[in-house]
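Q: Supplied structure: coords.txt, compact mmCIF, N, CA, C and O atoms.
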# COMPACT_ATOMS: atom_id res chain seq x y z
N MET T 24 16.15 -8.26 7.84
CA MET T 24 15.39 -7.17 8.43
C MET T 24 13.94 -7.24 7.94
O MET T 24 13.69 -7.44 6.76
N LYS T 25 13.02 -7.02 8.86
CA LYS T 25 11.60 -7.04 8.50
C LYS T 25 11.26 -5.90 7.56
O LYS T 25 11.93 -4.87 7.54
N GLY T 26 10.19 -6.11 6.80
CA GLY T 26 9.70 -5.08 5.91
C GLY T 26 8.19 -4.98 5.99
O GLY T 26 7.53 -5.90 6.50
N TYR T 27 7.68 -3.89 5.50
CA TYR T 27 6.24 -3.64 5.54
C TYR T 27 5.77 -3.18 4.17
O TYR T 27 6.41 -2.35 3.53
N THR T 28 4.66 -3.72 3.75
CA THR T 28 3.95 -3.21 2.58
C THR T 28 2.75 -2.46 3.14
O THR T 28 2.11 -2.92 4.08
N TYR T 29 2.48 -1.29 2.57
CA TYR T 29 1.40 -0.48 3.12
C TYR T 29 0.60 0.19 1.99
O TYR T 29 1.09 0.35 0.89
N ILE T 30 -0.64 0.52 2.32
CA ILE T 30 -1.49 1.26 1.40
C ILE T 30 -1.96 2.51 2.13
O ILE T 30 -2.45 2.43 3.25
N LEU T 31 -1.78 3.64 1.47
CA LEU T 31 -2.27 4.92 1.97
C LEU T 31 -3.44 5.36 1.11
O LEU T 31 -3.45 5.12 -0.10
N GLN T 32 -4.40 5.99 1.72
CA GLN T 32 -5.45 6.66 0.96
C GLN T 32 -5.11 8.14 0.98
O GLN T 32 -4.88 8.72 2.04
N VAL T 33 -5.04 8.73 -0.21
CA VAL T 33 -4.69 10.15 -0.30
C VAL T 33 -5.97 10.98 -0.31
O VAL T 33 -7.07 10.46 -0.34
N SER T 34 -5.80 12.30 -0.28
CA SER T 34 -6.94 13.21 -0.06
C SER T 34 -8.05 13.10 -1.09
O SER T 34 -9.19 13.41 -0.79
N ASP T 35 -7.74 12.64 -2.31
CA ASP T 35 -8.80 12.52 -3.32
C ASP T 35 -9.40 11.11 -3.39
O ASP T 35 -10.17 10.80 -4.28
N GLY T 36 -9.03 10.23 -2.45
CA GLY T 36 -9.61 8.90 -2.38
C GLY T 36 -8.82 7.81 -3.07
O GLY T 36 -9.11 6.63 -2.92
N ARG T 37 -7.80 8.19 -3.85
CA ARG T 37 -6.98 7.17 -4.51
C ARG T 37 -6.04 6.51 -3.50
O ARG T 37 -5.86 7.00 -2.40
N TYR T 38 -5.45 5.40 -3.94
CA TYR T 38 -4.55 4.65 -3.08
C TYR T 38 -3.12 4.74 -3.58
O TYR T 38 -2.86 4.78 -4.78
N TYR T 39 -2.21 4.76 -2.62
CA TYR T 39 -0.77 4.72 -2.88
C TYR T 39 -0.22 3.49 -2.17
O TYR T 39 -0.50 3.28 -0.98
N VAL T 40 0.55 2.67 -2.87
CA VAL T 40 1.13 1.47 -2.29
C VAL T 40 2.64 1.67 -2.16
O VAL T 40 3.29 2.12 -3.11
N GLY T 41 3.17 1.34 -1.00
CA GLY T 41 4.60 1.46 -0.77
C GLY T 41 5.13 0.34 0.10
O GLY T 41 4.37 -0.50 0.58
N SER T 42 6.45 0.35 0.29
CA SER T 42 7.08 -0.61 1.19
C SER T 42 8.23 0.08 1.90
O SER T 42 8.79 1.06 1.39
N THR T 43 8.58 -0.44 3.07
CA THR T 43 9.61 0.20 3.88
C THR T 43 10.12 -0.75 4.95
O THR T 43 9.48 -1.76 5.25
N GLU T 44 11.26 -0.41 5.54
CA GLU T 44 11.79 -1.13 6.69
C GLU T 44 11.25 -0.54 7.99
O GLU T 44 11.17 -1.21 8.99
N ASN T 45 10.89 0.75 7.95
CA ASN T 45 10.45 1.45 9.17
C ASN T 45 9.12 2.16 8.85
O ASN T 45 9.12 3.28 8.35
N LEU T 46 8.04 1.51 9.17
CA LEU T 46 6.71 2.01 8.81
C LEU T 46 6.40 3.34 9.47
O LEU T 46 5.92 4.28 8.81
N GLU T 47 6.66 3.47 10.75
CA GLU T 47 6.34 4.70 11.46
C GLU T 47 7.09 5.90 10.86
O GLU T 47 6.51 6.97 10.63
N LYS T 48 8.36 5.72 10.60
CA LYS T 48 9.18 6.79 10.02
C LYS T 48 8.69 7.16 8.62
O LYS T 48 8.56 8.33 8.28
N ARG T 49 8.38 6.15 7.82
CA ARG T 49 7.94 6.41 6.44
C ARG T 49 6.60 7.13 6.42
O ARG T 49 6.39 8.04 5.60
N LEU T 50 5.69 6.76 7.29
CA LEU T 50 4.39 7.44 7.34
C LEU T 50 4.56 8.91 7.73
O LEU T 50 3.91 9.79 7.15
N ALA T 51 5.44 9.17 8.69
CA ALA T 51 5.71 10.56 9.09
C ALA T 51 6.28 11.35 7.91
O ALA T 51 5.92 12.51 7.69
N GLU T 52 7.15 10.72 7.13
CA GLU T 52 7.71 11.38 5.95
C GLU T 52 6.62 11.72 4.94
O GLU T 52 6.59 12.84 4.41
N HIS T 53 5.72 10.78 4.70
CA HIS T 53 4.61 11.05 3.78
C HIS T 53 3.77 12.23 4.28
O HIS T 53 3.43 13.13 3.51
N GLN T 54 3.45 12.24 5.56
CA GLN T 54 2.61 13.31 6.12
C GLN T 54 3.28 14.68 6.02
O GLN T 54 2.60 15.70 5.88
N ARG T 55 4.60 14.71 6.07
CA ARG T 55 5.34 15.97 5.96
C ARG T 55 5.57 16.37 4.51
O ARG T 55 6.20 17.40 4.24
N GLY T 56 5.10 15.55 3.56
CA GLY T 56 5.32 15.85 2.15
C GLY T 56 6.69 15.46 1.67
O GLY T 56 7.13 15.89 0.61
N GLU T 57 7.37 14.62 2.43
CA GLU T 57 8.71 14.16 2.06
C GLU T 57 8.68 12.77 1.43
O GLU T 57 9.73 12.21 1.15
N GLY T 58 7.51 12.24 1.24
CA GLY T 58 7.39 10.92 0.63
C GLY T 58 7.42 11.05 -0.87
O GLY T 58 8.05 11.95 -1.43
N ALA T 59 6.70 10.21 -1.52
CA ALA T 59 6.63 10.21 -2.98
C ALA T 59 5.97 11.48 -3.49
O ALA T 59 5.17 12.11 -2.80
N MET T 60 6.29 11.86 -4.71
CA MET T 60 5.69 13.04 -5.33
C MET T 60 4.17 12.93 -5.36
O MET T 60 3.46 13.91 -5.18
N PHE T 61 3.67 11.72 -5.60
CA PHE T 61 2.22 11.52 -5.66
C PHE T 61 1.56 11.87 -4.33
O PHE T 61 0.59 12.63 -4.30
N THR T 62 2.09 11.33 -3.24
CA THR T 62 1.46 11.61 -1.95
C THR T 62 1.65 13.06 -1.54
O THR T 62 0.77 13.65 -0.92
N LYS T 63 2.76 13.65 -1.91
CA LYS T 63 3.02 15.05 -1.60
C LYS T 63 1.94 15.96 -2.21
O LYS T 63 1.53 16.95 -1.62
N ALA T 64 1.46 15.58 -3.38
CA ALA T 64 0.45 16.37 -4.09
C ALA T 64 -0.95 16.18 -3.53
O ALA T 64 -1.85 16.97 -3.84
N TYR T 65 -1.16 15.15 -2.71
CA TYR T 65 -2.51 14.83 -2.23
C TYR T 65 -2.56 14.64 -0.72
O TYR T 65 -3.14 13.68 -0.22
N LEU T 66 -1.93 15.53 0.01
CA LEU T 66 -1.96 15.48 1.47
C LEU T 66 -3.32 15.92 1.99
O LEU T 66 -3.98 16.73 1.34
N PRO T 67 -3.76 15.44 3.13
CA PRO T 67 -3.07 14.47 3.98
C PRO T 67 -3.29 13.04 3.48
O PRO T 67 -4.18 12.79 2.66
N VAL T 68 -2.49 12.14 4.00
CA VAL T 68 -2.63 10.73 3.67
C VAL T 68 -3.09 9.98 4.91
O VAL T 68 -2.88 10.42 6.04
N LYS T 69 -3.72 8.84 4.68
CA LYS T 69 -4.24 8.02 5.78
C LYS T 69 -3.81 6.58 5.55
O LYS T 69 -4.03 6.03 4.46
N LEU T 70 -3.19 5.97 6.54
CA LEU T 70 -2.80 4.56 6.46
C LEU T 70 -4.06 3.71 6.54
O LEU T 70 -4.82 3.81 7.51
N VAL T 71 -4.29 2.87 5.51
CA VAL T 71 -5.50 2.05 5.51
C VAL T 71 -5.22 0.54 5.49
O VAL T 71 -6.13 -0.26 5.70
N TYR T 72 -3.94 0.15 5.27
CA TYR T 72 -3.63 -1.28 5.19
C TYR T 72 -2.13 -1.49 5.37
O TYR T 72 -1.33 -0.71 4.86
N THR T 73 -1.76 -2.55 6.10
CA THR T 73 -0.35 -2.93 6.22
C THR T 73 -0.21 -4.45 6.20
O THR T 73 -1.13 -5.18 6.60
N GLU T 74 0.94 -4.88 5.75
CA GLU T 74 1.35 -6.28 5.83
C GLU T 74 2.79 -6.28 6.33
O GLU T 74 3.61 -5.49 5.87
N GLU T 75 3.10 -7.18 7.26
CA GLU T 75 4.47 -7.34 7.73
C GLU T 75 5.09 -8.54 7.03
O GLU T 75 4.44 -9.58 6.89
N HIS T 76 6.34 -8.39 6.62
CA HIS T 76 7.07 -9.46 5.93
C HIS T 76 8.38 -9.73 6.66
O HIS T 76 8.93 -8.84 7.31
N GLU T 77 8.87 -10.94 6.52
CA GLU T 77 10.12 -11.32 7.17
C GLU T 77 11.31 -10.53 6.63
O GLU T 77 12.25 -10.24 7.35
N ARG T 78 11.26 -10.20 5.35
CA ARG T 78 12.37 -9.48 4.71
C ARG T 78 11.82 -8.29 3.93
O ARG T 78 10.75 -8.36 3.35
N VAL T 79 12.58 -7.22 3.89
CA VAL T 79 12.15 -6.03 3.16
C VAL T 79 12.03 -6.32 1.66
O VAL T 79 11.18 -5.74 0.99
N GLU T 80 12.81 -7.26 1.16
CA GLU T 80 12.71 -7.64 -0.26
C GLU T 80 11.34 -8.23 -0.57
O GLU T 80 10.78 -8.01 -1.64
N ASP T 81 10.79 -9.00 0.38
CA ASP T 81 9.45 -9.57 0.20
C ASP T 81 8.39 -8.47 0.21
O ASP T 81 7.44 -8.51 -0.56
N ALA T 82 8.58 -7.48 1.07
CA ALA T 82 7.65 -6.35 1.13
C ALA T 82 7.67 -5.59 -0.19
O ALA T 82 6.63 -5.18 -0.71
N PHE T 83 8.86 -5.40 -0.76
CA PHE T 83 8.99 -4.70 -2.03
C PHE T 83 8.31 -5.46 -3.16
O PHE T 83 7.59 -4.87 -3.98
N ARG T 84 8.48 -6.78 -3.19
CA ARG T 84 7.82 -7.59 -4.22
C ARG T 84 6.30 -7.50 -4.10
O ARG T 84 5.59 -7.39 -5.09
N ARG T 85 5.80 -7.52 -2.88
CA ARG T 85 4.36 -7.40 -2.65
C ARG T 85 3.87 -6.02 -3.07
O ARG T 85 2.80 -5.88 -3.67
N GLU T 86 4.66 -4.98 -2.79
CA GLU T 86 4.31 -3.63 -3.23
C GLU T 86 4.11 -3.61 -4.74
O GLU T 86 3.10 -3.08 -5.24
N LYS T 87 5.06 -4.18 -5.48
CA LYS T 87 4.97 -4.17 -6.95
C LYS T 87 3.74 -4.94 -7.43
O LYS T 87 3.11 -4.56 -8.42
N GLN T 88 3.39 -6.01 -6.74
CA GLN T 88 2.19 -6.78 -7.09
C GLN T 88 0.93 -5.94 -6.88
O GLN T 88 0.08 -5.84 -7.77
N LEU T 89 0.82 -5.32 -5.70
CA LEU T 89 -0.38 -4.55 -5.38
C LEU T 89 -0.51 -3.31 -6.24
O LEU T 89 -1.63 -2.87 -6.53
N GLN T 90 0.59 -2.73 -6.67
CA GLN T 90 0.53 -1.54 -7.52
C GLN T 90 -0.19 -1.82 -8.84
O GLN T 90 -0.77 -0.92 -9.44
N LYS T 91 -0.17 -3.05 -9.28
CA LYS T 91 -0.82 -3.44 -10.54
C LYS T 91 -2.32 -3.66 -10.37
O LYS T 91 -3.04 -3.76 -11.36
N TRP T 92 -2.79 -3.75 -9.15
CA TRP T 92 -4.19 -4.04 -8.90
C TRP T 92 -5.07 -2.82 -9.15
O TRP T 92 -4.64 -1.67 -8.99
N SER T 93 -6.31 -3.07 -9.50
CA SER T 93 -7.29 -2.01 -9.68
C SER T 93 -7.66 -1.40 -8.33
O SER T 93 -7.41 -1.98 -7.26
N HIS T 94 -8.29 -0.24 -8.38
CA HIS T 94 -8.77 0.43 -7.16
C HIS T 94 -9.74 -0.49 -6.41
O HIS T 94 -9.65 -0.63 -5.19
N ALA T 95 -10.64 -1.13 -7.16
CA ALA T 95 -11.64 -2.01 -6.54
C ALA T 95 -10.99 -3.20 -5.84
O ALA T 95 -11.41 -3.60 -4.74
N LYS T 96 -9.97 -3.75 -6.44
CA LYS T 96 -9.30 -4.90 -5.85
C LYS T 96 -8.54 -4.49 -4.59
O LYS T 96 -8.56 -5.20 -3.58
N LYS T 97 -7.88 -3.34 -4.63
CA LYS T 97 -7.20 -2.84 -3.44
C LYS T 97 -8.20 -2.58 -2.32
O LYS T 97 -7.95 -2.90 -1.16
N GLU T 98 -9.34 -2.03 -2.68
CA GLU T 98 -10.39 -1.74 -1.70
C GLU T 98 -10.89 -3.02 -1.04
O GLU T 98 -11.11 -3.06 0.17
N ALA T 99 -11.07 -4.07 -1.82
CA ALA T 99 -11.52 -5.35 -1.27
C ALA T 99 -10.47 -5.90 -0.30
O ALA T 99 -10.81 -6.42 0.76
N LEU T 100 -9.19 -5.77 -0.65
CA LEU T 100 -8.12 -6.21 0.25
C LEU T 100 -8.15 -5.41 1.55
O LEU T 100 -8.08 -5.98 2.64
N ILE T 101 -8.27 -4.12 1.45
CA ILE T 101 -8.31 -3.24 2.62
C ILE T 101 -9.46 -3.61 3.54
O ILE T 101 -9.31 -3.67 4.75
N LYS T 102 -10.62 -3.88 2.95
CA LYS T 102 -11.81 -4.22 3.73
C LYS T 102 -11.80 -5.66 4.24
O LYS T 102 -12.66 -6.04 5.03
N GLY T 103 -10.87 -6.47 3.73
CA GLY T 103 -10.85 -7.88 4.10
C GLY T 103 -11.97 -8.67 3.46
O GLY T 103 -12.37 -9.71 3.96
N ASP T 104 -12.47 -8.17 2.34
CA ASP T 104 -13.59 -8.79 1.62
C ASP T 104 -13.04 -9.85 0.66
O ASP T 104 -12.82 -9.60 -0.52
N ILE T 105 -12.80 -11.03 1.20
CA ILE T 105 -12.16 -12.11 0.45
C ILE T 105 -13.02 -12.56 -0.74
O ILE T 105 -12.49 -12.85 -1.81
N THR T 106 -14.32 -12.59 -0.58
CA THR T 106 -15.21 -13.01 -1.67
C THR T 106 -15.06 -12.08 -2.87
O THR T 106 -14.85 -12.55 -3.99
N THR T 107 -15.13 -10.79 -2.64
CA THR T 107 -14.98 -9.82 -3.73
C THR T 107 -13.57 -9.88 -4.30
O THR T 107 -13.38 -9.81 -5.52
N LEU T 108 -12.58 -10.03 -3.46
CA LEU T 108 -11.19 -10.11 -3.91
C LEU T 108 -11.00 -11.30 -4.85
O LEU T 108 -10.38 -11.16 -5.91
N LYS T 109 -11.59 -12.44 -4.50
CA LYS T 109 -11.49 -13.62 -5.37
C LYS T 109 -12.20 -13.38 -6.69
O LYS T 109 -11.69 -13.76 -7.75
N LEU T 110 -13.38 -12.76 -6.65
CA LEU T 110 -14.11 -12.48 -7.88
C LEU T 110 -13.32 -11.54 -8.78
O LEU T 110 -13.24 -11.74 -9.99
N LEU T 111 -12.76 -10.51 -8.21
CA LEU T 111 -11.97 -9.55 -8.99
C LEU T 111 -10.69 -10.18 -9.54
O LEU T 111 -10.25 -9.83 -10.61
N SER T 112 -10.13 -11.11 -8.79
CA SER T 112 -8.93 -11.79 -9.25
C SER T 112 -9.23 -12.67 -10.46
O SER T 112 -8.45 -12.74 -11.39
N LYS T 113 -10.38 -13.32 -10.42
CA LYS T 113 -10.78 -14.17 -11.56
C LYS T 113 -11.06 -13.34 -12.81
O LYS T 113 -10.79 -13.75 -13.91
N SER T 114 -11.59 -12.12 -12.60
CA SER T 114 -11.93 -11.27 -13.74
C SER T 114 -10.78 -10.35 -14.13
O SER T 114 -10.91 -9.53 -14.99
N LYS T 115 -9.63 -10.51 -13.45
CA LYS T 115 -8.44 -9.67 -13.69
C LYS T 115 -8.70 -8.22 -13.41
O LYS T 115 -8.13 -7.34 -14.00
N GLY T 116 -9.65 -7.94 -12.46
CA GLY T 116 -10.00 -6.56 -12.16
C GLY T 116 -9.22 -5.96 -11.04
O GLY T 116 -8.50 -6.51 -10.33
Kindly transcribe the structure held in the file into structure tokens.
A:
Amino acid sequence: MKGYTYILQVSDGRYYVGSTENLEKRLAEHQRGEGAMFTKAYLPVKLVYTEEHERVEDAFRREKQLQKWSHAKKEALIKGDITTLKLLSKSKG
């Protein structure tokens, strides 16, 4: 079954990274405050990035990887700024 890794921007500008089998359903849950405690506290949320994976397990692994990234590195990924992303990766930022 396919999976999705996604990044939400919450009301205070921070990012939340998640993964799911059904992106549309999960986003609706977040918007209703039925998602994670973090997103529930910072409604509304806005979908700013997605990746589709062949298997939900791959999406989950990618979620765990992205959760470790800094705000700046996530922002570079969201913007598609490969140059900045590479620089931040080299500096472990």
Q: Rank nothing, just name the residue among T:Arg78, T:Lys113, T:Lys102, T:His53 nearest to T:Lys25, using all atoms listed in the file.
A: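 Nearest candidate to T:Lys25 out of T:Arg78, T:Lys113, T:Lys102, T:His53: T:Arg78.
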Q: Extract the full set of strand (DSSP E or B) residues from stretch 34-80 of chain T according to DSSP on the backbone, and format it as a ChimeraX atom specification.
A: /T:38-43,69-76
Q: With only C-alpha atoms as the atoms that count, which of T:Thr43, T:Arg55, T:Leu111, T:Lys63 lies nearest to T:Ala99?
A: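 Ranked by minimum distance to T:Ala99, first place goes to T:Leu111.
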Q: Between T:Arg85, T:Lys91, T:Lys97, T:His76, which one has atoms that come closest to T:Tyr27, using only N, CA, C and O atoms?
A: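 Ranked by minimum distance to T:Tyr27, first place goes to T:His76.
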Q: Please measure the separation of atom C of T:Ser34 and atom CA of T:Asp81, giving the value in Å to one decimal.
A: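 So the answer is 28.7 Å.
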Q: Report, as AutoDock Vina command-line options, the axis-aligned box around all atoms of stretch 53-62 of chain T present in the file, extended by 3 Å on each side; give centre and edge lengths in Å to one decimal place.
A:
--center_x 5.2 --center_y 13.8 --center_z 0.2 --size_x 15.1 --size_y 13.2 --size_z 17.8
Q: Please, what distance in Å, to one decimal, runs between atom O of T:Glu98 and atom CA of T:Lys69?
A: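 The value is 14.2 Å.
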Q: Which is closer to T:Ala82 than all the others in T:Ala51, T:Met24, T:Val33, T:Ala64, using only N, CA, C and O atoms?
A: T:Met24
Q: Just how far from atom C of T:Lys109 is atom C of T:Ala95, in Å to one decimal?
A: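 That distance, rounded to one decimal, is 10.3 Å.
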Q: Would you mind putting back all heavy atoms on stretch 65-76 of chain T, then writing it out as a JSON list (two decimals), in the frame of the given file?
A:
[["chain", "number", "residue", "atom", "x", "y", "z"],
["T", 65, "TYR", "N", -1.16, 15.15, -2.71],
["T", 65, "TYR", "CA", -2.51, 14.83, -2.23],
["T", 65, "TYR", "C", -2.56, 14.64, -0.72],
["T", 65, "TYR", "O", -3.14, 13.68, -0.22],
["T", 65, "TYR", "CB", -3.05, 13.58, -2.94],
["T", 65, "TYR", "CG", -3.22, 13.78, -4.41],
["T", 65, "TYR", "CD1", -2.25, 13.34, -5.31],
["T", 65, "TYR", "CD2", -4.33, 14.44, -4.92],
["T", 65, "TYR", "CE1", -2.40, 13.53, -6.68],
["T", 65, "TYR", "CE2", -4.49, 14.64, -6.28],
["T", 65, "TYR", "CZ", -3.52, 14.19, -7.15],
["T", 65, "TYR", "OH", -3.68, 14.39, -8.50],
["T", 66, "LEU", "N", -1.93, 15.53, 0.01],
["T", 66, "LEU", "CA", -1.96, 15.48, 1.47],
["T", 66, "LEU", "C", -3.32, 15.92, 1.99],
["T", 66, "LEU", "O", -3.98, 16.73, 1.34],
["T", 66, "LEU", "CB", -0.87, 16.38, 2.05],
["T", 66, "LEU", "CG", 0.56, 15.91, 1.81],
["T", 66, "LEU", "CD1", 1.54, 16.97, 2.28],
["T", 66, "LEU", "CD2", 0.83, 14.59, 2.50],
["T", 67, "PRO", "N", -3.76, 15.44, 3.13],
["T", 67, "PRO", "CA", -3.07, 14.47, 3.98],
["T", 67, "PRO", "C", -3.29, 13.04, 3.48],
["T", 67, "PRO", "O", -4.18, 12.79, 2.66],
["T", 67, "PRO", "CB", -3.74, 14.67, 5.34],
["T", 67, "PRO", "CG", -5.15, 15.07, 5.00],
["T", 67, "PRO", "CD", -5.01, 15.90, 3.74],
["T", 68, "VAL", "N", -2.49, 12.14, 4.00],
["T", 68, "VAL", "CA", -2.63, 10.73, 3.67],
["T", 68, "VAL", "C", -3.09, 9.98, 4.91],
["T", 68, "VAL", "O", -2.88, 10.42, 6.04],
["T", 68, "VAL", "CB", -1.31, 10.12, 3.14],
["T", 68, "VAL", "CG1", -0.88, 10.80, 1.86],
["T", 68, "VAL", "CG2", -0.21, 10.19, 4.18],
["T", 69, "LYS", "N", -3.72, 8.84, 4.68],
["T", 69, "LYS", "CA", -4.24, 8.02, 5.78],
["T", 69, "LYS", "C", -3.81, 6.58, 5.55],
["T", 69, "LYS", "O", -4.03, 6.03, 4.46],
["T", 69, "LYS", "CB", -5.76, 8.12, 5.80],
["T", 69, "LYS", "CG", -6.44, 7.25, 6.83],
["T", 69, "LYS", "CD", -7.95, 7.39, 6.72],
["T", 69, "LYS", "CE", -8.66, 6.40, 7.61],
["T", 69, "LYS", "NZ", -10.12, 6.45, 7.40],
["T", 70, "LEU", "N", -3.19, 5.97, 6.54],
["T", 70, "LEU", "CA", -2.80, 4.56, 6.46],
["T", 70, "LEU", "C", -4.06, 3.71, 6.54],
["T", 70, "LEU", "O", -4.82, 3.81, 7.51],
["T", 70, "LEU", "CB", -1.84, 4.20, 7.59],
["T", 70, "LEU", "CG", -1.38, 2.75, 7.62],
["T", 70, "LEU", "CD1", -0.52, 2.41, 6.39],
["T", 70, "LEU", "CD2", -0.60, 2.48, 8.90],
["T", 71, "VAL", "N", -4.29, 2.87, 5.51],
["T", 71, "VAL", "CA", -5.50, 2.05, 5.51],
["T", 71, "VAL", "C", -5.22, 0.54, 5.49],
["T", 71, "VAL", "O", -6.13, -0.26, 5.70],
["T", 71, "VAL", "CB", -6.44, 2.42, 4.32],
["T", 71, "VAL", "CG1", -7.00, 3.83, 4.50],
["T", 71, "VAL", "CG2", -5.74, 2.28, 2.98],
["T", 72, "TYR", "N", -3.94, 0.15, 5.27],
["T", 72, "TYR", "CA", -3.63, -1.28, 5.19],
["T", 72, "TYR", "C", -2.13, -1.49, 5.37],
["T", 72, "TYR", "O", -1.33, -0.71, 4.86],
["T", 72, "TYR", "CB", -4.07, -1.85, 3.84],
["T", 72, "TYR", "CG", -3.83, -3.32, 3.69],
["T", 72, "TYR", "CD1", -4.72, -4.24, 4.23],
["T", 72, "TYR", "CD2", -2.72, -3.80, 3.02],
["T", 72, "TYR", "CE1", -4.50, -5.60, 4.10],
["T", 72, "TYR", "CE2", -2.49, -5.16, 2.88],
["T", 72, "TYR", "CZ", -3.38, -6.06, 3.43],
["T", 72, "TYR", "OH", -3.18, -7.41, 3.32],
["T", 73, "THR", "N", -1.76, -2.55, 6.10],
["T", 73, "THR", "CA", -0.35, -2.93, 6.22],
["T", 73, "THR", "C", -0.21, -4.45, 6.20],
["T", 73, "THR", "O", -1.13, -5.18, 6.60],
["T", 73, "THR", "CB", 0.29, -2.42, 7.53],
["T", 73, "THR", "OG1", -0.39, -2.98, 8.63],
["T", 73, "THR", "CG2", 0.28, -0.92, 7.59],
["T", 74, "GLU", "N", 0.94, -4.88, 5.75],
["T", 74, "GLU", "CA", 1.35, -6.28, 5.83],
["T", 74, "GLU", "C", 2.79, -6.28, 6.33],
["T", 74, "GLU", "O", 3.61, -5.49, 5.87],
["T", 74, "GLU", "CB", 1.34, -6.96, 4.46],
["T", 74, "GLU", "CG", 0.00, -7.17, 3.85],
["T", 74, "GLU", "CD", 0.06, -7.82, 2.47],
["T", 74, "GLU", "OE1", 1.16, -8.09, 1.95],
["T", 74, "GLU", "OE2", -1.02, -8.05, 1.91],
["T", 75, "GLU", "N", 3.10, -7.18, 7.26],
["T", 75, "GLU", "CA", 4.47, -7.34, 7.73],
["T", 75, "GLU", "C", 5.09, -8.54, 7.03],
["T", 75, "GLU", "O", 4.44, -9.58, 6.89],
["T", 75, "GLU", "CB", 4.48, -7.54, 9.24],
["T", 75, "GLU", "CG", 5.88, -7.62, 9.81],
["T", 75, "GLU", "CD", 5.88, -7.74, 11.32],
["T", 75, "GLU", "OE1", 5.25, -6.91, 11.99],
["T", 75, "GLU", "OE2", 6.53, -8.68, 11.81],
["T", 76, "HIS", "N", 6.34, -8.39, 6.62],
["T", 76, "HIS", "CA", 7.07, -9.46, 5.93],
["T", 76, "HIS", "C", 8.38, -9.73, 6.66],
["T", 76, "HIS", "O", 8.93, -8.84, 7.31],
["T", 76, "HIS", "CB", 7.35, -9.05, 4.48],
["T", 76, "HIS", "CG", 6.12, -8.77, 3.70],
["T", 76, "HIS", "ND1", 5.43, -9.73, 3.02],
["T", 76, "HIS", "CD2", 5.43, -7.62, 3.51],
["T", 76, "HIS", "CE1", 4.37, -9.19, 2.42],
["T", 76, "HIS", "NE2", 4.35, -7.91, 2.71]]
